[in-house]
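J.: Have a look at this one before I ask anything.
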Amino acid sequence: MYDQICHLSIEEKVEALTRSLIQIKSINGTYGEVEIADFIKSVLQTFPYFIEHPAQVWEQSIADDPLGRKNIFAFIKGKENSQKTIIYHAHLDTVGIEDFGSLKSDALHSDQLAKYFSTYTENADVQKDAKSGEWLFGRGSVDMQSGIAVHMTNVLYFTEQLDKLSGNILFMVNPDGESQHAGVLAAVSELKRLKDEYQLDYVAAINTDFITPLYDGDETRYIYTGAAGKLLPCFYIHGREAHVGDTLAGIDPNLISSELTKRIHNNINLAENIDGELILPPSCLYQRDTKEAYNVQTAVSTYLYFNYFIYEKTAKEVMQQLIHVAIEACQEANSFRLLCGVFKAHGFTNERFIMGYTNCKFRRLYPRVDKQRNRPVFVY
Ligand SMILES: [Zn+2]
């Protein structure tokens, strides 16, 4: 690969490497993650500096990983014998390609996609970009094969300009960035080993994952400093299953799950309030009941996961906030259930009950139960 890119400009090198990386199907949770790791390692090994210092490109296997995934590292030692080290960091996997629909077979073929979108009339913006020849299409093009390409190009640059490098560069790519982060978690021990053995002083880590405009037409290319924490609060909701003919007697975990999603997903009031910063609200990344197939029984249980960015809040504070939300959601679901019980006691069928309940919701009436007369009453 070095022979193919050494004569190119920096920008052209980034593009050529990005094109090669996109073509490797490196979907999270597949063997493709191993293939792309091997490719990255093999490209680095063609750089003259690493031919001279072969031990400075290496891999770290991820323990007990069923796919045999690995982290790839490369180290450039600066001329001044400094301990100061900058980490170049990227994840090597992509999300799936199901969302390409009928274009799935072209998801990794940038030129075919550009050709397709150049005649695409459904979205004038995309068509314009495809026609311009200035855009590179394909799964992983921004998240984040081009980021890896930028790092590799910079690695090549500094290996050829060692006099400009007063410290050291540690290049690191990890699998599983789109799911459980097995790669970067395993890399922590390797980073610590290097720090202890060579007294490295990690002064900064540069991650080249994608950035997005803040609004339509925003031309600023942002560089973010600092770090944000991520939590993945999960709910497991165990209900009481019921046959479709007797659902008034059950507890539907999907109802509670929906109440939780309604209260948490994109709820800006749950995001941290830090002056001058847009903090993303929590978002639902997984909501699924445990039914294996369709049947006429309500679900037994449901799983629900949220992505939660944190800056200053602690995990404990988020947990307390979510427990509070969970209590509210259950109370709402329970008021529905109470109502079910009363309707059922009065011999309402499912169908009549649903009509009554929907109607009452629609008219913004709030039901409560008149215990003395044991029937529902509706108040404004
Ligand atoms: Zn990413």
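If you're wondering about the labels, chains in the structure tokens are A, B, ... by order shown, residues count from 1 in each chain, ligands from 1 in order shown.
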Find the residues near A:Asn307: any atom within 9 Å, counting only C-alpha atoms, skip ones fewer than 4 places away on the same chain, and give them as a PyMOL selection string.
T.: chain A and resi 230-233+281-285
J.: List as a PyMOL selection string the protein and nucleic acid residues lying within 9 Å of ligand 1, with only C-alpha atoms and all ligand atoms counted.
T.: chain A and resi 90-95+140+142-144+177-178+208-210
J.: Taking only C-alpha atoms into account, which of A:Leu8, A:Val126, A:Ile36, A:Leu162 comes nearest A:Gln23?
T.: A:Ile36
J.: Quick one: pick out all strand (DSSP E) residues within stretch 130-360 of chain A from a backbone DSSP run and write them as a ChimeraX atom specification.
T.: /A:168-174,201-207,229-231,234-238,283-289,301-310
J.: With a distance cut-off of 10 Å and only C-alpha atoms, select the neighbouring residues of A:Tyr311, excluding the residue or stretch itself and same-chain residues fewer than 2 positions from it, and output the selection as a list of chain:residue names.
T.: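 Close residues of A:Tyr311: A:Gly226, A:Ala227, A:Ala228, A:Gly229, A:Lys230, A:Ala271, A:Glu272, A:Asn273, A:Ile274, A:Ile279, A:Phe309, A:Lys313, A:Thr314.
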J.: Quick one: write out the picked residues with N, CA and C atoms as a PDB file, in the first residue's frame?
T.:
```pdb
ATOM      1  N   GLY A 226     -11.760  17.946  25.778  1.00  0.00           N
ATOM      2  CA  GLY A 226     -12.307  17.369  27.000  1.00  0.00           C
ATOM      3  C   GLY A 226     -12.905  16.002  26.713  1.00  0.00           C
ATOM      4  N   ALA A 227     -13.638  15.518  27.657  1.00  0.00           N
ATOM      5  CA  ALA A 227     -14.219  14.185  27.487  1.00  0.00           C
ATOM      6  C   ALA A 227     -15.620  14.168  28.076  1.00  0.00           C
ATOM      7  N   ALA A 228     -16.472  13.374  27.482  1.00  0.00           N
ATOM      8  CA  ALA A 228     -17.812  13.184  28.027  1.00  0.00           C
ATOM      9  C   ALA A 228     -17.927  11.737  28.464  1.00  0.00           C
ATOM     10  N   GLY A 229     -18.666  11.546  29.545  1.00  0.00           N
ATOM     11  CA  GLY A 229     -18.884  10.169  29.974  1.00  0.00           C
ATOM     12  C   GLY A 229     -20.139   9.625  29.317  1.00  0.00           C
ATOM     13  N   LYS A 230     -20.204   8.330  29.221  1.00  0.00           N
ATOM     14  CA  LYS A 230     -21.410   7.710  28.677  1.00  0.00           C
ATOM     15  C   LYS A 230     -21.868   6.624  29.634  1.00  0.00           C
ATOM     16  N   ALA A 271     -31.276  16.226  30.534  1.00  0.00           N
ATOM     17  CA  ALA A 271     -29.873  16.477  30.171  1.00  0.00           C
ATOM     18  C   ALA A 271     -29.264  17.449  31.175  1.00  0.00           C
ATOM     19  N   GLU A 272     -27.949  17.366  31.306  1.00  0.00           N
ATOM     20  CA  GLU A 272     -27.278  18.305  32.214  1.00  0.00           C
ATOM     21  C   GLU A 272     -27.366  19.720  31.670  1.00  0.00           C
ATOM     22  N   ASN A 273     -27.387  20.650  32.565  1.00  0.00           N
ATOM     23  CA  ASN A 273     -27.474  22.046  32.149  1.00  0.00           C
ATOM     24  C   ASN A 273     -26.124  22.708  32.406  1.00  0.00           C
ATOM     25  N   ILE A 274     -25.309  22.752  31.359  1.00  0.00           N
ATOM     26  CA  ILE A 274     -23.984  23.362  31.508  1.00  0.00           C
ATOM     27  C   ILE A 274     -23.945  24.587  30.603  1.00  0.00           C
ATOM     28  N   ILE A 279     -25.947  19.989  25.546  1.00  0.00           N
ATOM     29  CA  ILE A 279     -25.781  18.629  26.069  1.00  0.00           C
ATOM     30  C   ILE A 279     -26.878  17.758  25.463  1.00  0.00           C
ATOM     31  N   PHE A 309     -25.396  10.690  28.054  1.00  0.00           N
ATOM     32  CA  PHE A 309     -24.122  11.404  28.140  1.00  0.00           C
ATOM     33  C   PHE A 309     -24.045  12.147  29.460  1.00  0.00           C
ATOM     34  N   LYS A 313     -22.402  15.120  36.112  1.00  0.00           N
ATOM     35  CA  LYS A 313     -23.258  14.290  36.952  1.00  0.00           C
ATOM     36  C   LYS A 313     -22.567  12.960  37.263  1.00  0.00           C
ATOM     37  N   THR A 314     -22.924  12.376  38.394  1.00  0.00           N
ATOM     38  CA  THR A 314     -22.365  11.056  38.703  1.00  0.00           C
ATOM     39  C   THR A 314     -23.374   9.983  38.276  1.00  0.00           C
TER      40      THR A 314
END
```
J.: Find the residues near A:His109: any atom within 8 Å, counting only C-alpha atoms, skip ones fewer than 5 places away on the same chain, and give them as a list in words.
T.: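 Listed by chain and then number, they are Ile22, Gln23, Phe137 and Gly138 of chain A.
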J.: Quote the spacing between atom CA of A:Ile256 and atom CA of A:Val318 in Å to one decimal place.
T.: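 The value is 19.3 Å.
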J.: Show which residues sit within 9 Å of stretch 37-54 of chain A, as a PDB file with C-alpha atoms, in the first residue's frame. Count only C-alpha atoms, and ignore same-chain residues fewer than 2 positions away.
T.:
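The new file result08.pdb reads:
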```pdb
ATOM      1  CA  MET A   1       0.000   0.000   0.000  1.00  0.00           C
ATOM      2  CA  TYR A   2       2.873   2.384   0.771  1.00  0.00           C
ATOM      3  CA  ASP A   3       3.971   2.257  -2.876  1.00  0.00           C
ATOM      4  CA  LEU A  21     -10.959   0.913   4.401  1.00  0.00           C
ATOM      5  CA  ILE A  24     -13.645  -3.908   3.911  1.00  0.00           C
ATOM      6  CA  GLY A  32     -14.813  -8.299   9.331  1.00  0.00           C
ATOM      7  CA  GLU A  33     -13.513  -6.502  12.425  1.00  0.00           C
ATOM      8  CA  VAL A  34     -10.544  -8.891  12.441  1.00  0.00           C
ATOM      9  CA  GLU A  35     -10.004  -8.493   8.685  1.00  0.00           C
ATOM     10  CA  GLN A  56       6.801  -0.930  16.786  1.00  0.00           C
ATOM     11  CA  VAL A  57       3.659  -2.234  15.085  1.00  0.00           C
ATOM     12  CA  TRP A  58       1.884  -4.901  17.063  1.00  0.00           C
ATOM     13  CA  GLU A  59      -1.480  -6.324  17.974  1.00  0.00           C
ATOM     14  CA  ARG A  69     -10.822  -9.515  17.612  1.00  0.00           C
ATOM     15  CA  LYS A  70      -7.727  -7.431  18.346  1.00  0.00           C
ATOM     16  CA  ASN A  71      -6.375  -3.946  18.905  1.00  0.00           C
ATOM     17  CA  ILE A  72      -3.648  -2.652  16.598  1.00  0.00           C
ATOM     18  CA  PHE A  73      -0.926  -0.383  17.958  1.00  0.00           C
ATOM     19  CA  ALA A  74       1.939   1.515  16.337  1.00  0.00           C
ATOM     20  CA  ILE A  76       6.665   6.414  16.652  1.00  0.00           C
ATOM     21  CA  LEU A  92     -12.365   0.220  13.351  1.00  0.00           C
ATOM     22  CA  ILE A 148      -8.448   6.050  10.694  1.00  0.00           C
ATOM     23  CA  MET A 152      -2.512   6.679   9.334  1.00  0.00           C
ATOM     24  CA  VAL A 155       1.619   8.521  11.223  1.00  0.00           C
ATOM     25  CA  LEU A 156       3.264   8.231   7.812  1.00  0.00           C
ATOM     26  CA  THR A 159       7.666   8.793  10.432  1.00  0.00           C
ATOM     27  CA  GLU A 160       9.139  10.735   7.491  1.00  0.00           C
ATOM     28  CA  VAL A 173      -7.356   1.278  16.649  1.00  0.00           C
ATOM     29  CA  ASN A 174      -9.932  -0.802  18.492  1.00  0.00           C
ATOM     30  CA  PRO A 175     -12.811  -3.079  17.517  1.00  0.00           C
TER      31      PRO A 175
END
```
J.: Quick one: DSSP helix (DSSP H, G or I) residues in stretch 78-278 of chain A, as an MDAnalysis selection string?
T.: chainID A and resid 98:106 110:118 124:132 141:160 162:164 182:198 244:249 253:264 268:270
J.: Could those residues be written to a file, using C-alpha atoms, as an mmCIF file, in the first residue's frame?
T.:
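Wrote it out as out23.cif, contents follow:
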```cif
data_model
loop_
_atom_site.group_PDB
_atom_site.id
_atom_site.type_symbol
_atom_site.label_atom_id
_atom_site.label_comp_id
_atom_site.auth_asym_id
_atom_site.auth_seq_id
_atom_site.Cartn_x
_atom_site.Cartn_y
_atom_site.Cartn_z
ATOM 1 C CA GLU A 98 -29.502 -3.006 6.661
ATOM 2 C CA ASP A 99 -30.619 0.615 6.384
ATOM 3 C CA PHE A 100 -29.301 0.757 2.802
ATOM 4 C CA GLY A 101 -32.323 -1.331 1.768
ATOM 5 C CA SER A 102 -32.179 -2.193 -1.923
ATOM 6 C CA LEU A 103 -28.749 -0.500 -2.135
ATOM 7 C CA LYS A 104 -27.257 -2.926 0.387
ATOM 8 C CA SER A 105 -24.968 -4.580 -2.131
ATOM 9 C CA ASP A 106 -23.435 -1.164 -2.905
ATOM 10 C CA SER A 110 -18.401 4.583 -2.896
ATOM 11 C CA ASP A 111 -18.405 5.134 -6.679
ATOM 12 C CA GLN A 112 -21.564 3.097 -7.291
ATOM 13 C CA LEU A 113 -23.353 5.010 -4.553
ATOM 14 C CA ALA A 114 -22.215 8.354 -5.959
ATOM 15 C CA LYS A 115 -23.478 7.268 -9.383
ATOM 16 C CA TYR A 116 -26.832 6.221 -7.942
ATOM 17 C CA PHE A 117 -27.317 9.417 -5.954
ATOM 18 C CA SER A 118 -26.266 11.654 -8.857
ATOM 19 C CA ALA A 124 -31.857 17.596 -4.072
ATOM 20 C CA ASP A 125 -29.083 18.140 -1.511
ATOM 21 C CA VAL A 126 -27.782 14.591 -1.783
ATOM 22 C CA GLN A 127 -28.039 14.703 -5.562
ATOM 23 C CA LYS A 128 -26.041 17.932 -5.662
ATOM 24 C CA ASP A 129 -23.344 16.458 -3.429
ATOM 25 C CA ALA A 130 -23.166 13.266 -5.487
ATOM 26 C CA LYS A 131 -22.813 15.245 -8.709
ATOM 27 C CA SER A 132 -20.130 17.528 -7.284
ATOM 28 C CA SER A 141 -16.961 6.798 5.316
ATOM 29 C CA VAL A 142 -17.272 9.220 8.227
ATOM 30 C CA ASP A 143 -17.772 6.869 11.169
ATOM 31 C CA MET A 144 -14.959 6.349 11.079
ATOM 32 C CA GLN A 145 -12.771 4.928 8.314
ATOM 33 C CA SER A 146 -11.798 8.416 7.182
ATOM 34 C CA GLY A 147 -10.758 9.071 10.797
ATOM 35 C CA ILE A 148 -8.448 6.050 10.694
ATOM 36 C CA ALA A 149 -7.124 7.259 7.331
ATOM 37 C CA VAL A 150 -6.310 10.678 8.839
ATOM 38 C CA HIS A 151 -4.394 9.027 11.685
ATOM 39 C CA MET A 152 -2.512 6.679 9.334
ATOM 40 C CA THR A 153 -1.580 9.571 7.036
ATOM 41 C CA ASN A 154 -0.300 11.558 10.006
ATOM 42 C CA VAL A 155 1.619 8.521 11.223
ATOM 43 C CA LEU A 156 3.264 8.231 7.812
ATOM 44 C CA TYR A 157 3.977 11.961 7.755
ATOM 45 C CA PHE A 158 5.716 11.982 11.137
ATOM 46 C CA THR A 159 7.666 8.793 10.432
ATOM 47 C CA GLU A 160 9.139 10.735 7.491
ATOM 48 C CA LEU A 162 10.964 12.739 12.741
ATOM 49 C CA ASP A 163 12.753 16.026 13.329
ATOM 50 C CA LYS A 164 9.327 17.692 13.666
ATOM 51 C CA ALA A 182 -14.420 -4.579 24.144
ATOM 52 C CA GLY A 183 -11.440 -3.167 22.205
ATOM 53 C CA VAL A 184 -10.814 0.029 24.095
ATOM 54 C CA LEU A 185 -11.547 -1.631 27.427
ATOM 55 C CA ALA A 186 -8.871 -4.246 26.696
ATOM 56 C CA ALA A 187 -6.530 -1.491 25.478
ATOM 57 C CA VAL A 188 -6.471 0.108 28.932
ATOM 58 C CA SER A 189 -4.140 -2.635 30.225
ATOM 59 C CA GLU A 190 -1.850 -2.243 27.200
ATOM 60 C CA LEU A 191 -1.720 1.537 27.652
ATOM 61 C CA LYS A 192 -0.825 1.012 31.288
ATOM 62 C CA ARG A 193 1.860 -1.539 30.393
ATOM 63 C CA LEU A 194 3.475 0.892 27.944
ATOM 64 C CA LYS A 195 3.288 3.686 30.475
ATOM 65 C CA ASP A 196 4.936 1.571 33.158
ATOM 66 C CA GLU A 197 7.591 -0.015 30.938
ATOM 67 C CA TYR A 198 8.629 3.072 28.986
ATOM 68 C CA VAL A 244 -55.361 -11.639 24.375
ATOM 69 C CA GLY A 245 -58.880 -12.434 25.538
ATOM 70 C CA ASP A 246 -57.992 -11.492 29.103
ATOM 71 C CA THR A 247 -55.514 -8.641 28.783
ATOM 72 C CA LEU A 248 -57.322 -6.559 31.372
ATOM 73 C CA ALA A 249 -55.985 -8.998 33.976
ATOM 74 C CA PRO A 253 -44.268 -4.753 30.310
ATOM 75 C CA ASN A 254 -44.450 -2.989 26.943
ATOM 76 C CA LEU A 255 -46.845 -0.443 28.395
ATOM 77 C CA ILE A 256 -44.443 0.374 31.238
ATOM 78 C CA SER A 257 -41.552 0.372 28.771
ATOM 79 C CA SER A 258 -43.411 2.830 26.530
ATOM 80 C CA GLU A 259 -44.136 5.073 29.494
ATOM 81 C CA LEU A 260 -40.415 5.077 30.291
ATOM 82 C CA THR A 261 -39.418 5.850 26.704
ATOM 83 C CA LYS A 262 -41.964 8.648 26.537
ATOM 84 C CA ARG A 263 -40.454 10.200 29.665
ATOM 85 C CA ILE A 264 -36.747 9.663 28.926
ATOM 86 C CA ILE A 268 -34.031 17.776 27.300
ATOM 87 C CA ASN A 269 -35.053 18.268 30.955
ATOM 88 C CA LEU A 270 -33.025 15.199 31.898
#
```
J.: Using atom CA of A:Gly167 and atom CA of A:Gln83 as the two end points, give the distance in Å to one decimal.
T.: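 Atom CA of A:Gln83 lies at a distance of 6.6 Å from atom CA of A:Gly167.
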J.: Could you jot down the atom CA of A:Ile251 to atom CA of A:Thr290 separation for me, Å, one decimal place?
T.: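 If I compute the distance from atom CA of A:Ile251 to atom CA of A:Thr290, I get 14.5 Å.
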